[in-house]
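Trainee: Attaching a single structure in structure tokens format; questions to follow.
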Amino acid sequence: MNTIHRNLLSTTIVLLFGFGLFFTGTDGFKAFTAEEARLLKLQEEKPEVPDLVLEDSKRSSYTWDEFQGKYVFITFFYTACTTVCPQLETNMAKVYEQVPRESLGEDIVFLSISFAPDQDTPAALTKYKAYFGSDGETWRMARITDEGELNALLEAFGVIVIPDNNGNFTHNSAFYLVDREGRLQEVLDYRDIDGAAAVVDSYLKMEAN
Amino acid sequence: MKSFYYGSVLFIFLILPPVAELLESVMIVHMHMQMPLLIIAGMLMAPLFQKNSFLRKWNENGRPGILLFMLTFSYWLLPRTMDEALSSMWIEGFKFISLPFLAGVPLRDSWTKVSNRTKRVVLIVITLLSALMGWIYIFSPNQLCNNYLIVEQVTLGWGFWTMGLCISIYIVYDMFSEKWEESY
């Protein structure tokens with residue numbers, strides 16, 4: 001083999017290696033951050049909601065069976081949050097407004113889950129829900145009092161909550177859509193209100209046909 | 001062979017778990033100190049590999065080596081690889097192998113072989129990459145790495161711009177040197 005061919009061959013091998021490296025390292029050029037990789041994995045695995053007991057702003061406690069046969073549109077928040085949560089809940093309210101009235105409570109329930117159960121008592125939740133027009137029925141705000149159950153849910157949905165030392169939390173935010181069988185179907189960008197509403201709409205319409 | 005000795009001491013020092021953990025605890029140190037030091041360790045170790053005929057034969061004009069360096073280097077610029085180096089032992093191991101041996105060694109072996117023009121292209125590409133990464137890390141509204149806070153991310157972005165500025169100063173300096181005239 002002459003010199004030119006050798007150089008060409010090794011260049012080709014290097015290029016193939018580089019392509020393979022980037023391809024596998026980014027799940028086929030789809031996930032350039034660990035967060036994107038997490039979302040991609042959730043979309044593929046569609047994890048089930050683990051067993052848990054919710055306590056909502058009306059002090060009612062129930063398991064996921066409460067939502068049997070309904071879609072559930074979920075966000076994770078805590079009431080003392082001053083940064084992203086108000087934005088998250090405001091955007092959730094805007095999606096809520098776009099859902100057809102007749103579907104609310106029948107086909108889909110909105111649910112905001114607090115991950116700070118110690119602070120977010122039913123009374124705190126009642127106060128908080130008023131800011132966003134949540135009616136406590138078709139849009140509920142609830143906490144999971146059992147720490148093990150809460151962590152199992154956060155883990156299953158890949159929600160990362162890092163408490164800082166001042167009673168606040170750093171956390172990743174998204175809209176989560178769980179289907180009628182209790183499986184996570186979609187993780188949506190919470191800043192794209194119309195996009196999320198369109199996805200919800202398509203799921204509800206798909207059922208109608 | 002002294003060079004190889006220094007390089008391997010540096011390499012072993014860097015992969016000691018407490019040292020690695022300390023360097024990785026701060027985002028900008030992870031990217032702009034640990035990773036470059038690993039490349040430097042590889043460059044210092046390069047003479048041992050150059051004795052072998054493999055590099056002489058397969059990296060004769062230096063271009064495959066430069067390309068391998070650029071690709072490995074770029075891979076470690078991705079926010080995801082930094083996160084995964086912290087969460088996965090395999091990726092962490094790959095970092096310790098790839099940066100010295102797939103970036104450092106080929107860089108030293110190739111640098112004396114390639115033309116001045118190629119060197120300039122490499123420097124310009126690195127400057128542009130630094131500018132781009134700096135821009136991404138400074139202005140991204142999102143937390144790009146789950147293991148580091150946004151404020152660290154912005155610091156890293158400014159680190160990239162500083163590095164880009166330094167390299168571009170060198171490029172300008174180089175333009176006025178005799179080497180430049182010789183090659184054109």
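Each chain in the structure tokens gets a letter, A, B and so on, in the order shown; residues start at 1 in every chain, and ligands are counted from 1 in the order they appear.
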Leaving out region 77-83 of chain A and any residue of its chain fewer than 5 positions from it, which residues lie within 8 Å of it when counting only C-alpha atoms, given as a PDB file with C-alpha atoms, in the first residue's frame?
Mentor:
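What landed in result_27.pdb:
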ATOM      1  CA  SER A 112     -50.038  19.748  40.274  1.00  0.00           C
ATOM      2  CA  ILE A 113     -47.949  17.658  42.631  1.00  0.00           C
ATOM      3  CA  SER A 114     -45.912  19.306  45.373  1.00  0.00           C
ATOM      4  CA  PHE A 115     -42.566  17.757  46.202  1.00  0.00           C
ATOM      5  CA  ALA A 116     -42.317  19.651  49.497  1.00  0.00           C
ATOM      6  CA  ASP A 120     -47.354  22.369  51.360  1.00  0.00           C
ATOM      7  CA  ALA A 124     -51.203  26.110  51.654  1.00  0.00           C
ATOM      8  CA  LEU A 125     -52.320  24.296  48.513  1.00  0.00           C
ATOM      9  CA  TYR A 128     -51.867  28.609  46.099  1.00  0.00           C
ATOM     10  CA  ASN A 168     -35.498  26.178  48.194  1.00  0.00           C
ATOM     11  CA  PHE A 169     -35.013  23.573  45.508  1.00  0.00           C
TER      12      PHE A 169
END
Trainee: What parts of region 34-192 of chain A does DSSP call helix (DSSP H, G or I)? I'd like the answer as a PyMOL selection string.
Mentor: chain A and resi 34-45+64-67+84-98+101-103+122-132+147-157
Trainee: Put those residues in a file: C-alpha atoms, as a short mmCIF file (atom, residue, chain, number, x, y, z; two decimals), in the first residue's frame.
Mentor:
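This went into result-v5.cif:
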data_model
loop_
_atom_site.label_atom_id
_atom_site.label_comp_id
_atom_site.auth_asym_id
_atom_site.auth_seq_id
_atom_site.Cartn_x
_atom_site.Cartn_y
_atom_site.Cartn_z
CA ALA A 34 -28.09 14.75 29.85
CA GLU A 35 -31.55 16.29 30.24
CA GLU A 36 -32.42 15.61 26.59
CA ALA A 37 -31.16 12.07 27.02
CA ARG A 38 -33.42 11.67 30.06
CA LEU A 39 -36.49 12.84 28.11
CA LEU A 40 -35.65 10.57 25.21
CA LYS A 41 -35.38 7.59 27.56
CA LEU A 42 -38.73 8.43 29.18
CA GLN A 43 -40.42 8.61 25.77
CA GLU A 44 -39.12 5.15 24.98
CA GLU A 45 -39.76 3.49 28.31
CA TRP A 64 -54.13 6.73 41.26
CA ASP A 65 -57.33 4.68 40.79
CA GLU A 66 -59.12 7.99 41.24
CA PHE A 67 -57.98 8.83 37.71
CA VAL A 84 -39.77 28.72 37.80
CA CYS A 85 -42.88 27.28 39.50
CA PRO A 86 -45.15 30.33 39.14
CA GLN A 87 -44.25 30.37 35.45
CA LEU A 88 -44.82 26.63 35.21
CA GLU A 89 -48.26 26.85 36.86
CA THR A 90 -49.25 29.95 34.85
CA ASN A 91 -48.42 28.09 31.65
CA MET A 92 -50.31 25.06 32.93
CA ALA A 93 -53.33 27.32 33.44
CA LYS A 94 -53.05 28.45 29.83
CA VAL A 95 -53.03 24.84 28.62
CA TYR A 96 -55.98 24.12 30.92
CA GLU A 97 -57.95 26.94 29.29
CA GLN A 98 -57.36 25.47 25.84
CA ARG A 101 -64.75 22.12 28.60
CA GLU A 102 -66.58 18.84 28.13
CA SER A 103 -63.33 16.88 28.38
CA PRO A 122 -53.82 21.31 52.16
CA ALA A 123 -54.30 24.85 53.49
CA ALA A 124 -51.20 26.11 51.65
CA LEU A 125 -52.32 24.30 48.51
CA THR A 126 -55.80 25.82 48.74
CA LYS A 127 -54.30 29.29 48.92
CA TYR A 128 -51.87 28.61 46.10
CA LYS A 129 -54.41 27.11 43.71
CA ALA A 130 -56.49 30.28 43.86
CA TYR A 131 -53.72 32.22 42.10
CA PHE A 132 -53.96 30.06 39.03
CA GLU A 147 -41.53 10.20 51.35
CA GLY A 148 -40.83 6.80 49.81
CA GLU A 149 -43.80 7.07 47.45
CA LEU A 150 -42.85 10.62 46.46
CA ASN A 151 -39.27 9.62 45.70
CA ALA A 152 -40.43 6.59 43.70
CA LEU A 153 -42.58 8.86 41.52
CA LEU A 154 -39.84 11.47 41.05
CA GLU A 155 -37.39 8.72 40.19
CA ALA A 156 -39.76 7.05 37.71
CA PHE A 157 -40.45 10.36 35.94
#
Trainee: Find the residues in chain A near chain B: any atom within 8 Å counts, using only C-alpha atoms. Write them as a list in words.
Mentor: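 Interface list for chain A against chain B: Thr3, Arg6, Asn7, Ser10, Thr11, Val14, Leu15, Gly18, Leu21, Phe22, Gly25, Thr26, Ala31, Phe32, Thr33, Ala34 and Glu35 of chain A.
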Trainee: List the spatial neighbours of region 27-34 of chain B as a PyMOL selection string - criterion: any atom at most 7 Å away, only C-alpha atoms, same-chain residues fewer than 6 positions off excluded.
Mentor: chain B and resi 148+152+155-156
Trainee: Okay, now the selection with C-alpha atoms, as a PDB file, in the first residue's frame?
Mentor:
ATOM      1  CA  TYR B 148     -23.831  21.875  37.778  1.00  0.00           C
ATOM      2  CA  GLU B 152     -21.256  27.747  36.983  1.00  0.00           C
ATOM      3  CA  THR B 155     -18.628  31.082  34.320  1.00  0.00           C
ATOM      4  CA  LEU B 156     -17.623  28.275  31.990  1.00  0.00           C
TER       5      LEU B 156
END
Trainee: Need the shell around Phe110 (chain A): protein/DNA/RNA residues with any atom at most 9 Å away, counting only C-alpha atoms. Skip same-chain ones fewer than 4 positions apart. Format as a JSON list (two decimals) with C-alpha atoms, in the first residue's frame?
Mentor:
[["chain", "number", "residue", "atom", "x", "y", "z"],
["A", 71, "TYR", "CA", -55.56, 11.28, 31.10],
["A", 72, "VAL", "CA", -53.65, 13.17, 33.78],
["A", 73, "PHE", "CA", -51.68, 16.30, 32.97],
["A", 74, "ILE", "CA", -49.03, 16.74, 35.66],
["A", 75, "THR", "CA", -46.56, 19.33, 36.88],
["A", 92, "MET", "CA", -50.31, 25.06, 32.93],
["A", 96, "TYR", "CA", -55.98, 24.12, 30.92],
["A", 104, "LEU", "CA", -62.23, 18.45, 31.66],
["A", 105, "GLY", "CA", -62.77, 16.03, 34.51],
["A", 134, "SER", "CA", -57.46, 25.79, 39.71],
["A", 137, "GLU", "CA", -61.67, 19.18, 40.96],
["A", 138, "THR", "CA", -60.70, 19.18, 37.27],
["A", 139, "TRP", "CA", -57.41, 20.78, 38.23],
["A", 140, "ARG", "CA", -56.16, 19.56, 41.57],
["A", 141, "MET", "CA", -53.20, 20.47, 43.66]]
Trainee: Taking only C-alpha atoms into account, name the residue in B:Leu23, B:Leu77, B:Leu128, B:Ile171 that is nearest to Leu99 (chain B).
Mentor: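 For Leu99 (chain B), the nearest of the candidates is B:Leu77.
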Trainee: Where in region 27-114 of chain A does DSSP assign strand (DSSP E), given as number ranges by chain?
Mentor: A: 54-56, 61-62, 71-77, 108-114
Trainee: Using only N, CA and C atoms, please write the residues we just selected to a file, as a CSV table (one decimal), in the first residue's frame.
Mentor:
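Final file, part31.csv:
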chain,number,residue,atom,x,y,z
A,54,LEU,N,-52.3,10.3,47.2
A,54,LEU,CA,-52.2,11.7,47.1
A,54,LEU,C,-53.2,12.3,48.2
A,55,GLU,N,-52.8,13.5,48.6
A,55,GLU,CA,-53.7,14.3,49.5
A,55,GLU,C,-53.8,15.6,48.9
A,56,ASP,N,-55.1,16.0,48.5
A,56,ASP,CA,-55.2,17.3,47.8
A,56,ASP,C,-55.6,18.4,48.7
A,61,SER,N,-57.9,12.1,50.4
A,61,SER,CA,-56.8,11.2,50.0
A,61,SER,C,-57.3,10.1,49.1
A,62,TYR,N,-56.5,9.8,48.1
A,62,TYR,CA,-56.8,8.7,47.2
A,62,TYR,C,-55.6,8.2,46.4
A,71,TYR,N,-56.9,10.7,31.3
A,71,TYR,CA,-55.6,11.3,31.1
A,71,TYR,C,-55.3,12.2,32.3
A,72,VAL,N,-54.0,12.2,32.7
A,72,VAL,CA,-53.6,13.2,33.8
A,72,VAL,C,-52.5,14.0,33.3
A,73,PHE,N,-52.7,15.3,33.4
A,73,PHE,CA,-51.7,16.3,33.0
A,73,PHE,C,-51.0,16.8,34.2
A,74,ILE,N,-49.7,16.5,34.4
A,74,ILE,CA,-49.0,16.7,35.7
A,74,ILE,C,-47.9,17.8,35.6
A,75,THR,N,-47.8,18.6,36.7
A,75,THR,CA,-46.6,19.3,36.9
A,75,THR,C,-46.1,19.1,38.3
A,76,PHE,N,-44.8,19.3,38.5
A,76,PHE,CA,-44.2,19.2,39.9
A,76,PHE,C,-43.8,20.5,40.3
A,77,PHE,N,-44.1,20.9,41.6
A,77,PHE,CA,-43.8,22.3,42.0
A,77,PHE,C,-43.7,22.3,43.5
A,108,ILE,N,-59.8,14.1,31.0
A,108,ILE,CA,-58.5,14.5,31.5
A,108,ILE,C,-58.6,15.3,32.8
A,109,VAL,N,-57.7,15.1,33.6
A,109,VAL,CA,-57.6,15.8,34.9
A,109,VAL,C,-56.2,16.5,35.0
A,110,PHE,N,-56.2,17.7,35.4
A,110,PHE,CA,-54.9,18.4,35.6
A,110,PHE,C,-54.5,18.2,37.1
A,111,LEU,N,-53.2,18.0,37.3
A,111,LEU,CA,-52.8,17.7,38.7
A,111,LEU,C,-51.4,18.3,38.9
A,112,SER,N,-51.3,19.2,39.9
A,112,SER,CA,-50.0,19.7,40.3
A,112,SER,C,-49.6,19.0,41.5
A,113,ILE,N,-48.4,18.4,41.5
A,113,ILE,CA,-47.9,17.7,42.6
A,113,ILE,C,-46.8,18.4,43.3
A,114,SER,N,-47.0,18.6,44.6
A,114,SER,CA,-45.9,19.3,45.4
A,114,SER,C,-44.9,18.3,45.8
Trainee: What's the separation between CA of Arg108 (chain B) and CA of Thr127 (chain B), in Å to one decimal place?
Mentor: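 Answer for the CA of Arg108 (chain B) to CA of Thr127 (chain B) separation: 19.0 Å.
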